[in-house]
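A.B. asks: Got a structure here, written out as structure tokens. Questions coming.
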Amino acid sequence: MSTLKIKSIEVESIHVNHRGNWVFILVHSEEGSIGIGEASHSRKDEQIHQIIKNLEPNLIGFNIFDFESYRRRFFTDSEGHTYHTIISAIEHAMWDLAGKKLDVPSHQLLGGRCRSKIRLYANINRATIDRSPLGFAKNAEKAVEEGFTAIKCAPFDGVSTSDISKNSLNAAIRQGIERLRMIRDTIGEDIDLMVDCHSRFNAGLIVQTSKELDDLNLFWIEDPIPLDDLDAVAHVSQSTSMPIATGEKLRTLEEFNILLRLGRVDYILPDIKHVGGLLGLKKIATLAETTNVKITPHNPSGPVATAASVQCMATIPNFGILEYAWGEVDWRSTLVDPPETITNGFIDVPDIPGLGISLNL
């Protein structure tokens, strides 16, 4: 039986931009090897050190190969977002350590890969400071010039459920539609285009708005309405011509099970940083496979979460496409070794042991 025990855990934080930091977890083994994970977007980064300090006595001496035991013991449904993010990051590092110990990539321990490269879409939203239609279109064009064949944007940031009226496409909605039309006109018909609504609509209005977008041939509409009424989500899914994607805010297997049974959506977006890591993501993907729903992980993240998502998605038959946080910083690729490399909108599944990267801190 393979054994590799945890010796200590440390945290490294790197400032990225106005949207926050990338937070990395380093798990040291008793043998001296180091595994890496990512705990970015925990919502409360200032609490990470204290939570790890409280957890560490229970984790020191823990065998990193006991993934199911780790999940059952530490990832409970009742814990909050920040805690789940930390538990997920430690789990990334455990898979990294396991692969290094056995000299195999993590995907081989997850069942083996069924693809050699992962398709990405460029989420241009955070990099788009100029929120005019032209500003959106210019960044979309740049991403396409870099080889991406799929683009996501959030054009409805001025829309709020508190000030929208039934049967009324107000100025903020019209502006969002204008942004989308300019993007489509700029990138052409052959590039896939996704729209993230950040749950800013109600059911009736998003159905009406989607009719205005029918001719744009959208890849999906993401989070059109809040998930607190899954009957309404199902109504939107059945009443629009475009696929519906949602689920980035869910973390537990039970939450995704309810969404898949009642929401009738086409894509789900679990985040490897919040759902318990690679094993949690794999479980959710398997659940989605039973309902013919594709998994397209939420990943507006740093390079470690991306590497972990790549390892997991290499093993998933019902994988669709992976999010990539485009244009946040120009030094991103150099933060890891080997450098993060994207070719024609794809990232290769590495054969390097563990997650396939090391951090240049």
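Every chain in the structure tokens takes a letter, A first, then B, and so on in the order presented; its residues are numbered from 1, and the ligands are numbered from 1 following the presented order.
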What's around Ile173 of chain A at 8 Å? Count only C-alpha atoms, leave out sequence neighbours fewer than 4 positions away in its own chain, and write the answer as a ChimeraX atom specification.

C.D. replies: /A:156,158-159,169,177,209

A.B. asks: Excluding segment 278-284 of chain A and its own-chain neighbours fewer than 4 positions away, which residues fall within 10 Å of it when counting only C-alpha atoms? Please give them as a ChimeraX atom specification.

C.D. replies: /A:67-68,71,75,88-89,91-92,94-95,106-107,110,251-257,268-274,288-289,295,297,305,308-313,315-316

A.B. asks: Write the residues of the selection above to a file with N, CA and C atoms, as a compact mmCIF listing (two decimals), in the first residue's frame.

C.D. replies:
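File written: selection-v7.txt
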```txt
# COMPACT_ATOMS: atom_id res chain seq x y z
N PHE A 67 -7.96 9.57 -0.45
CA PHE A 67 -8.78 10.68 -0.97
C PHE A 67 -10.24 10.58 -0.51
N GLU A 68 -10.82 9.39 -0.58
CA GLU A 68 -12.21 9.25 -0.16
C GLU A 68 -12.35 9.52 1.34
N ARG A 71 -12.18 13.27 1.88
CA ARG A 71 -13.42 13.96 1.52
C ARG A 71 -14.51 13.73 2.56
N PHE A 75 -14.81 17.41 3.97
CA PHE A 75 -15.69 18.17 3.07
C PHE A 75 -17.13 17.82 3.40
N SER A 88 -10.59 22.12 -0.79
CA SER A 88 -10.38 21.77 -2.20
C SER A 88 -8.93 21.98 -2.60
N ALA A 89 -8.33 23.09 -2.18
CA ALA A 89 -6.95 23.38 -2.55
C ALA A 89 -5.98 22.35 -1.97
N GLU A 91 -6.71 19.32 -1.36
CA GLU A 91 -6.95 18.11 -2.15
C GLU A 91 -6.22 18.17 -3.48
N HIS A 92 -6.19 19.34 -4.15
CA HIS A 92 -5.38 19.48 -5.38
C HIS A 92 -3.95 19.05 -5.09
N MET A 94 -2.80 17.17 -2.76
CA MET A 94 -2.68 15.74 -2.50
C MET A 94 -2.56 14.94 -3.79
N TRP A 95 -3.37 15.30 -4.80
CA TRP A 95 -3.25 14.63 -6.10
C TRP A 95 -1.89 14.91 -6.74
N SER A 106 -1.58 13.01 -12.64
CA SER A 106 -2.75 12.80 -11.79
C SER A 106 -3.90 12.16 -12.55
N HIS A 107 -4.05 12.49 -13.84
CA HIS A 107 -5.18 11.94 -14.60
C HIS A 107 -5.11 10.42 -14.69
N LEU A 110 -6.87 8.99 -11.85
CA LEU A 110 -8.31 9.25 -11.87
C LEU A 110 -9.06 8.37 -12.86
N ARG A 251 -21.72 23.79 -4.62
CA ARG A 251 -20.48 23.15 -4.19
C ARG A 251 -20.65 21.67 -3.85
N THR A 252 -21.83 21.24 -3.46
CA THR A 252 -21.99 19.88 -2.99
C THR A 252 -22.65 18.98 -4.03
N LEU A 253 -22.43 17.69 -3.87
CA LEU A 253 -23.01 16.71 -4.79
C LEU A 253 -24.53 16.76 -4.74
N GLU A 254 -25.09 16.95 -3.56
CA GLU A 254 -26.53 17.01 -3.42
C GLU A 254 -27.13 18.22 -4.16
N GLU A 255 -26.45 19.36 -4.08
CA GLU A 255 -26.94 20.54 -4.79
C GLU A 255 -26.96 20.30 -6.29
N PHE A 256 -25.91 19.69 -6.81
CA PHE A 256 -25.88 19.42 -8.25
C PHE A 256 -26.89 18.36 -8.64
N ASN A 257 -27.12 17.40 -7.76
CA ASN A 257 -28.12 16.38 -8.04
C ASN A 257 -29.51 17.00 -8.18
N ILE A 268 -23.36 22.24 -16.87
CA ILE A 268 -23.15 22.65 -15.49
C ILE A 268 -21.70 23.10 -15.31
N LEU A 269 -21.49 24.03 -14.35
CA LEU A 269 -20.21 24.70 -14.21
C LEU A 269 -19.63 24.57 -12.79
N PRO A 270 -19.37 23.37 -12.31
CA PRO A 270 -18.70 23.26 -11.00
C PRO A 270 -17.28 23.80 -11.06
N ASP A 271 -16.80 24.29 -9.93
CA ASP A 271 -15.46 24.89 -9.86
C ASP A 271 -14.58 24.01 -9.00
N ILE A 272 -13.45 23.58 -9.54
CA ILE A 272 -12.55 22.67 -8.84
C ILE A 272 -12.01 23.28 -7.55
N LYS A 273 -12.07 24.60 -7.42
CA LYS A 273 -11.59 25.28 -6.22
C LYS A 273 -12.59 25.23 -5.07
N HIS A 274 -13.83 24.85 -5.35
CA HIS A 274 -14.87 24.93 -4.33
C HIS A 274 -15.65 23.64 -4.09
N ALA A 288 -23.57 14.05 -13.75
CA ALA A 288 -24.11 14.74 -14.92
C ALA A 288 -24.18 13.83 -16.13
N GLU A 289 -23.24 12.90 -16.24
CA GLU A 289 -23.22 11.98 -17.37
C GLU A 289 -24.50 11.14 -17.42
N ILE A 295 -20.26 18.82 -18.77
CA ILE A 295 -19.61 19.55 -17.69
C ILE A 295 -18.58 20.51 -18.29
N PRO A 297 -16.28 23.25 -16.59
CA PRO A 297 -15.93 23.82 -15.29
C PRO A 297 -15.75 25.33 -15.27
N ALA A 305 -5.23 26.03 -10.54
CA ALA A 305 -6.60 25.51 -10.69
C ALA A 305 -6.85 25.07 -12.13
N ALA A 308 -5.15 21.70 -12.51
CA ALA A 308 -5.94 20.67 -11.85
C ALA A 308 -7.19 20.33 -12.65
N SER A 309 -7.85 21.35 -13.19
CA SER A 309 -9.04 21.13 -14.02
C SER A 309 -8.70 20.34 -15.27
N VAL A 310 -7.57 20.64 -15.88
CA VAL A 310 -7.12 19.92 -17.07
C VAL A 310 -6.93 18.44 -16.75
N GLN A 311 -6.26 18.14 -15.62
CA GLN A 311 -6.03 16.75 -15.24
C GLN A 311 -7.35 16.01 -15.08
N CYS A 312 -8.31 16.64 -14.42
CA CYS A 312 -9.60 15.99 -14.19
C CYS A 312 -10.40 15.85 -15.48
N MET A 313 -10.49 16.91 -16.26
CA MET A 313 -11.32 16.89 -17.46
C MET A 313 -10.76 15.96 -18.54
N THR A 315 -10.17 13.06 -18.07
CA THR A 315 -10.74 11.75 -17.78
C THR A 315 -12.26 11.71 -17.92
N ILE A 316 -12.88 12.82 -18.31
CA ILE A 316 -14.34 12.95 -18.27
C ILE A 316 -14.94 12.79 -19.67
```

A.B. asks: I'd like the neighbourhood of Gly135 of chain A as a VMD selection string, where a residue qualifies if any of its atoms comes within 12 Å (using only C-alpha atoms), though same-chain residues fewer than 5 positions away should be ignored.

C.D. replies: chain A and resid 124 to 125 127 to 130 140 to 142 153 155 178 to 180 182 to 183 186

A.B. asks: Restricting the calculation to only C-alpha atoms, which member of A:Pro317, A:Gly263, A:Gly302, A:Gly35 is positioned closest to Ala285 of chain A?

C.D. replies: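 For Ala285 of chain A, the nearest of the candidates is A:Pro317.
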
A.B. asks: Go through segment 49-141 of chain A and collect every residue that DSSP, computed from the backbone, puts in helix (DSSP H, G or I); the answer should be as a PyMOL selection string.

C.D. replies: chain A and resi 49-59+67-74+81-102+106-109+133-141

A.B. asks: Write the selection just made, keeping C-alpha atoms, as a tab-separated table (two decimals), in the first residue's frame?

C.D. replies:
```
chain	number	residue	atom	x	y	z
A	49	HIS	CA	-4.38	31.19	7.52
A	50	GLN	CA	-6.53	30.75	10.61
A	51	ILE	CA	-8.64	27.98	9.09
A	52	ILE	CA	-5.52	26.08	8.03
A	53	LYS	CA	-4.02	26.58	11.49
A	54	ASN	CA	-7.13	24.98	12.96
A	55	LEU	CA	-7.08	22.14	10.42
A	56	GLU	CA	-3.38	21.36	10.48
A	57	PRO	CA	-3.33	19.23	13.68
A	58	ASN	CA	-5.87	16.88	12.05
A	59	LEU	CA	-3.99	16.82	8.76
A	67	PHE	CA	-8.78	10.68	-0.97
A	68	GLU	CA	-12.21	9.25	-0.16
A	69	SER	CA	-11.44	9.29	3.56
A	70	TYR	CA	-10.24	12.89	3.28
A	71	ARG	CA	-13.42	13.96	1.52
A	72	ARG	CA	-15.74	12.20	3.97
A	73	ARG	CA	-13.91	13.63	6.94
A	74	PHE	CA	-13.25	17.21	5.88
A	81	HIS	CA	-17.55	28.67	0.84
A	82	THR	CA	-14.20	29.73	2.31
A	83	TYR	CA	-13.73	26.45	4.16
A	84	HIS	CA	-14.65	24.41	1.07
A	85	THR	CA	-12.16	26.40	-1.00
A	86	ILE	CA	-9.33	25.57	1.40
A	87	ILE	CA	-10.27	21.89	1.61
A	88	SER	CA	-10.38	21.77	-2.20
A	89	ALA	CA	-6.95	23.38	-2.55
A	90	ILE	CA	-5.36	20.92	-0.13
A	91	GLU	CA	-6.95	18.11	-2.15
A	92	HIS	CA	-5.38	19.48	-5.38
A	93	ALA	CA	-2.02	19.31	-3.63
A	94	MET	CA	-2.68	15.74	-2.50
A	95	TRP	CA	-3.25	14.63	-6.10
A	96	ASP	CA	-0.10	16.47	-7.09
A	97	LEU	CA	1.88	14.66	-4.38
A	98	ALA	CA	0.35	11.29	-5.24
A	99	GLY	CA	1.31	11.62	-8.88
A	100	LYS	CA	4.84	12.68	-8.00
A	101	LYS	CA	5.20	9.78	-5.57
A	102	LEU	CA	4.12	7.23	-8.19
A	106	SER	CA	-2.75	12.80	-11.79
A	107	HIS	CA	-5.18	11.94	-14.60
A	108	GLN	CA	-3.79	8.41	-14.70
A	109	LEU	CA	-4.82	7.95	-11.07
A	133	PRO	CA	-19.52	47.74	-27.24
A	134	LEU	CA	-16.26	48.57	-29.01
A	135	GLY	CA	-14.24	47.76	-25.88
A	136	PHE	CA	-15.82	44.31	-25.66
A	137	ALA	CA	-15.36	43.71	-29.36
A	138	LYS	CA	-11.67	44.68	-29.34
A	139	ASN	CA	-10.84	42.23	-26.55
A	140	ALA	CA	-12.85	39.47	-28.20
A	141	GLU	CA	-10.92	40.11	-31.40
```

A.B. asks: Can you tell me, as a PyMOL selection string, what residues are no more than 12 Å from segment 357-360 of chain A when counting only C-alpha atoms, ignoring any on the same chain fewer than 4 positions away?

C.D. replies: chain A and resi 12-14+23-26+33-38+93+96-97+99-100+105-106+302-308+310-311+331-341+349-353

A.B. asks: Let me see the file: selected residues, N, CA and C atoms, as a compact mmCIF listing (two decimals), in the first residue's frame.

C.D. replies:
```txt
# COMPACT_ATOMS: atom_id res chain seq x y z
N GLU A 12 0.66 30.79 0.01
CA GLU A 12 1.32 31.85 -0.75
C GLU A 12 0.27 32.63 -1.52
N SER A 13 0.32 33.95 -1.43
CA SER A 13 -0.66 34.80 -2.11
C SER A 13 0.06 35.74 -3.07
N ILE A 14 -0.47 35.87 -4.28
CA ILE A 14 0.11 36.73 -5.29
C ILE A 14 -0.94 37.71 -5.77
N VAL A 23 -4.35 32.68 -4.67
CA VAL A 23 -3.89 32.10 -3.41
C VAL A 23 -3.54 30.64 -3.65
N PHE A 24 -2.32 30.26 -3.29
CA PHE A 24 -1.85 28.91 -3.51
C PHE A 24 -1.54 28.22 -2.18
N ILE A 25 -1.85 26.95 -2.13
CA ILE A 25 -1.59 26.11 -0.96
C ILE A 25 -0.45 25.16 -1.28
N LEU A 26 0.55 25.11 -0.42
CA LEU A 26 1.67 24.18 -0.58
C LEU A 26 1.61 23.16 0.55
N SER A 33 8.76 16.11 -0.47
CA SER A 33 8.11 16.57 -1.69
C SER A 33 7.03 17.59 -1.37
N ILE A 34 6.66 18.40 -2.36
CA ILE A 34 5.67 19.46 -2.17
C ILE A 34 4.58 19.35 -3.22
N GLY A 35 3.35 19.40 -2.77
CA GLY A 35 2.21 19.43 -3.68
C GLY A 35 1.58 20.81 -3.66
N ILE A 36 1.01 21.22 -4.79
CA ILE A 36 0.43 22.56 -4.89
C ILE A 36 -1.06 22.49 -5.20
N GLY A 37 -1.79 23.46 -4.66
CA GLY A 37 -3.21 23.61 -4.93
C GLY A 37 -3.56 25.08 -4.97
N GLU A 38 -4.78 25.39 -5.39
CA GLU A 38 -5.18 26.80 -5.51
C GLU A 38 -6.45 27.07 -4.70
N ALA A 93 -3.42 19.58 -3.98
CA ALA A 93 -2.02 19.31 -3.63
C ALA A 93 -1.80 17.83 -3.33
N ASP A 96 -1.41 16.12 -6.56
CA ASP A 96 -0.10 16.47 -7.09
C ASP A 96 0.98 15.61 -6.43
N LEU A 97 0.91 15.48 -5.11
CA LEU A 97 1.88 14.66 -4.38
C LEU A 97 1.76 13.18 -4.76
N GLY A 99 0.73 11.85 -7.56
CA GLY A 99 1.31 11.62 -8.88
C GLY A 99 2.83 11.65 -8.85
N LYS A 100 3.38 12.58 -8.10
CA LYS A 100 4.84 12.68 -8.00
C LYS A 100 5.42 11.44 -7.31
N PRO A 105 1.14 11.15 -14.09
CA PRO A 105 0.26 12.33 -14.03
C PRO A 105 -1.01 12.01 -13.25
N SER A 106 -1.58 13.01 -12.64
CA SER A 106 -2.75 12.80 -11.79
C SER A 106 -3.90 12.16 -12.55
N GLY A 302 -6.32 31.04 -11.44
CA GLY A 302 -4.92 31.05 -11.76
C GLY A 302 -4.48 29.75 -12.41
N PRO A 303 -3.19 29.61 -12.69
CA PRO A 303 -2.70 28.46 -13.46
C PRO A 303 -2.74 27.14 -12.72
N VAL A 304 -2.76 27.14 -11.39
CA VAL A 304 -2.80 25.87 -10.66
C VAL A 304 -4.19 25.24 -10.75
N ALA A 305 -5.23 26.03 -10.54
CA ALA A 305 -6.60 25.51 -10.69
C ALA A 305 -6.85 25.07 -12.13
N THR A 306 -6.26 25.79 -13.07
CA THR A 306 -6.40 25.40 -14.47
C THR A 306 -5.72 24.05 -14.70
N ALA A 307 -4.51 23.88 -14.17
CA ALA A 307 -3.79 22.61 -14.33
C ALA A 307 -4.57 21.46 -13.69
N ALA A 308 -5.15 21.70 -12.51
CA ALA A 308 -5.94 20.67 -11.85
C ALA A 308 -7.19 20.33 -12.65
N VAL A 310 -7.57 20.64 -15.88
CA VAL A 310 -7.12 19.92 -17.07
C VAL A 310 -6.93 18.44 -16.75
N GLN A 311 -6.26 18.14 -15.62
CA GLN A 311 -6.03 16.75 -15.24
C GLN A 311 -7.35 16.01 -15.08
N TRP A 331 2.02 38.23 -17.16
CA TRP A 331 3.07 37.35 -16.66
C TRP A 331 2.52 36.00 -16.21
N ARG A 332 1.28 35.72 -16.46
CA ARG A 332 0.64 34.49 -15.98
C ARG A 332 1.39 33.23 -16.38
N SER A 333 1.75 33.10 -17.63
CA SER A 333 2.33 31.85 -18.12
C SER A 333 3.66 31.54 -17.46
N THR A 334 4.37 32.59 -17.01
CA THR A 334 5.69 32.39 -16.42
C THR A 334 5.63 32.05 -14.94
N LEU A 335 4.43 32.06 -14.36
CA LEU A 335 4.29 31.75 -12.94
C LEU A 335 4.49 30.26 -12.67
N VAL A 336 4.37 29.46 -13.71
CA VAL A 336 4.52 28.01 -13.55
C VAL A 336 5.58 27.47 -14.50
N ASP A 337 6.09 26.32 -14.15
CA ASP A 337 7.09 25.63 -14.97
C ASP A 337 6.63 24.19 -15.20
N PRO A 338 6.52 23.76 -16.46
CA PRO A 338 6.76 24.52 -17.68
C PRO A 338 5.71 25.62 -17.86
N PRO A 339 6.04 26.66 -18.63
CA PRO A 339 5.10 27.77 -18.81
C PRO A 339 3.76 27.29 -19.38
N GLU A 340 2.71 27.91 -18.92
CA GLU A 340 1.37 27.59 -19.43
C GLU A 340 1.32 27.94 -20.92
N THR A 341 0.98 26.97 -21.75
CA THR A 341 1.00 27.16 -23.20
C THR A 341 -0.35 26.80 -23.80
N VAL A 349 -2.83 18.07 -22.35
CA VAL A 349 -2.84 17.31 -21.10
C VAL A 349 -1.42 16.78 -20.90
N PRO A 350 -0.72 17.22 -19.85
CA PRO A 350 0.69 16.87 -19.72
C PRO A 350 0.89 15.43 -19.23
N ASP A 351 2.06 14.88 -19.54
CA ASP A 351 2.45 13.56 -19.04
C ASP A 351 3.40 13.67 -17.86
N ILE A 352 3.63 14.89 -17.40
CA ILE A 352 4.51 15.12 -16.25
C ILE A 352 3.80 14.65 -14.97
N PRO A 353 4.52 14.06 -14.03
CA PRO A 353 3.88 13.56 -12.80
C PRO A 353 3.10 14.63 -12.04
```

A.B. asks: Could you give me, as a ChimeraX atom specification, each residue of segment 8-145 of chain A that DSSP assigns to strand (DSSP E or B) when run on this structure's backbone?

C.D. replies: /A:8-17,20-29,34-38,63,105,117-123

A.B. asks: Let's have the selection written as a PDB file, in the first residue's frame, with C-alpha atoms.

C.D. replies:
```
ATOM      1  CA  SER A   8       2.930  20.826   7.046  1.00  0.00           C
ATOM      2  CA  ILE A   9       0.855  23.281   5.001  1.00  0.00           C
ATOM      3  CA  GLU A  10       1.691  26.816   3.929  1.00  0.00           C
ATOM      4  CA  VAL A  11      -0.041  29.596   2.004  1.00  0.00           C
ATOM      5  CA  GLU A  12       1.322  31.846  -0.751  1.00  0.00           C
ATOM      6  CA  SER A  13      -0.657  34.796  -2.106  1.00  0.00           C
ATOM      7  CA  ILE A  14       0.112  36.734  -5.294  1.00  0.00           C
ATOM      8  CA  HIS A  15      -1.606  40.015  -6.142  1.00  0.00           C
ATOM      9  CA  VAL A  16      -3.204  39.940  -9.569  1.00  0.00           C
ATOM     10  CA  ASN A  17      -5.415  43.004 -10.091  1.00  0.00           C
ATOM     11  CA  GLY A  20      -8.134  40.126  -6.029  1.00  0.00           C
ATOM     12  CA  ASN A  21      -5.292  37.664  -5.554  1.00  0.00           C
ATOM     13  CA  TRP A  22      -4.319  34.177  -6.562  1.00  0.00           C
ATOM     14  CA  VAL A  23      -3.890  32.103  -3.413  1.00  0.00           C
ATOM     15  CA  PHE A  24      -1.848  28.908  -3.507  1.00  0.00           C
ATOM     16  CA  ILE A  25      -1.590  26.113  -0.957  1.00  0.00           C
ATOM     17  CA  LEU A  26       1.668  24.185  -0.577  1.00  0.00           C
ATOM     18  CA  VAL A  27       1.420  20.823   1.153  1.00  0.00           C
ATOM     19  CA  HIS A  28       4.750  19.432   2.373  1.00  0.00           C
ATOM     20  CA  SER A  29       5.147  15.683   2.779  1.00  0.00           C
ATOM     21  CA  ILE A  34       5.673  19.465  -2.166  1.00  0.00           C
ATOM     22  CA  GLY A  35       2.213  19.430  -3.680  1.00  0.00           C
ATOM     23  CA  ILE A  36       0.430  22.560  -4.894  1.00  0.00           C
ATOM     24  CA  GLY A  37      -3.209  23.606  -4.926  1.00  0.00           C
ATOM     25  CA  GLU A  38      -5.179  26.803  -5.506  1.00  0.00           C
ATOM     26  CA  ASN A  63      -1.932   9.732   4.178  1.00  0.00           C
ATOM     27  CA  PRO A 105       0.257  12.329 -14.028  1.00  0.00           C
ATOM     28  CA  LYS A 117      -5.892  18.197 -25.078  1.00  0.00           C
ATOM     29  CA  ILE A 118      -8.525  20.407 -23.502  1.00  0.00           C
ATOM     30  CA  ARG A 119     -10.487  23.049 -25.368  1.00  0.00           C
ATOM     31  CA  LEU A 120     -10.629  26.441 -23.648  1.00  0.00           C
ATOM     32  CA  TYR A 121     -12.835  29.472 -23.980  1.00  0.00           C
ATOM     33  CA  ALA A 122     -11.509  32.941 -23.277  1.00  0.00           C
ATOM     34  CA  ASN A 123     -13.494  34.773 -20.608  1.00  0.00           C
TER      35      ASN A 123
END
```

A.B. asks: Between A:Glu248, A:Glu212, A:Asp266, A:Glu79, which residue has the minimum interatomic distance to Val233 of chain A, considering only C-alpha atoms?

C.D. replies: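 Comparing A:Glu248, A:Glu212, A:Asp266, A:Glu79 against Val233 of chain A, the winner is A:Asp266.
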
A.B. asks: So which residues touch Asp231 of chain A within 12 Å, counting only C-alpha atoms, skipping near sequence neighbours fewer than 6 positions away, as a list in words?

C.D. replies: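 Residues meeting the cut-off are Ala203, Ile225, Ser237, Gln238, Ile258, Leu259, Leu260, Arg261, Leu262, Gly263, Arg264 and Val265 of chain A.
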
A.B. asks: One number please: atom CA of Ile6 of chain A to atom CA of Phe65 of chain A, in Å, one decimal.

C.D. replies: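 Separation between atom CA of Ile6 of chain A and atom CA of Phe65 of chain A: 10.4 Å.
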
A.B. asks: If you count only C-alpha atoms, which residues fall within 8 Å of Ser301 of chain A, apart from same-chain ones fewer than 6 positions away, as an NGL selection string?

C.D. replies: :A and (22 or 40 or 324-325)

A.B. asks: Selected residues, N, CA and C atoms, written as a CSV table (one decimal), in the first residue's frame, please.

C.D. replies:
```
chain,number,residue,atom,x,y,z
A,22,TRP,N,-4.4,35.6,-6.4
A,22,TRP,CA,-4.3,34.2,-6.6
A,22,TRP,C,-3.7,33.6,-5.3
A,40,SER,N,-7.9,30.3,-4.6
A,40,SER,CA,-8.3,31.7,-5.0
A,40,SER,C,-9.8,31.8,-4.9
A,324,TYR,N,-11.1,29.9,-19.3
A,324,TYR,CA,-9.8,30.4,-19.1
A,324,TYR,C,-9.9,31.9,-18.9
A,325,ALA,N,-9.3,32.4,-17.8
A,325,ALA,CA,-9.3,33.8,-17.4
A,325,ALA,C,-8.4,34.6,-18.3
```

A.B. asks: If I take atom CA of Gly320 of chain A and atom CA of Asp215 of chain A, how far is one from the other in Å, to one decimal?

C.D. replies: 22.7 Å

A.B. asks: Rounded to one decimal, what separation in Å do you get between atom CA of Arg115 of chain A and atom CA of Gly354 of chain A?

C.D. replies: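 The value is 17.2 Å.
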
A.B. asks: Closest to Ser162 of chain A among A:Leu361, A:Arg174, A:Ser132, A:Asn202, using only C-alpha atoms?

C.D. replies: A:Asn202
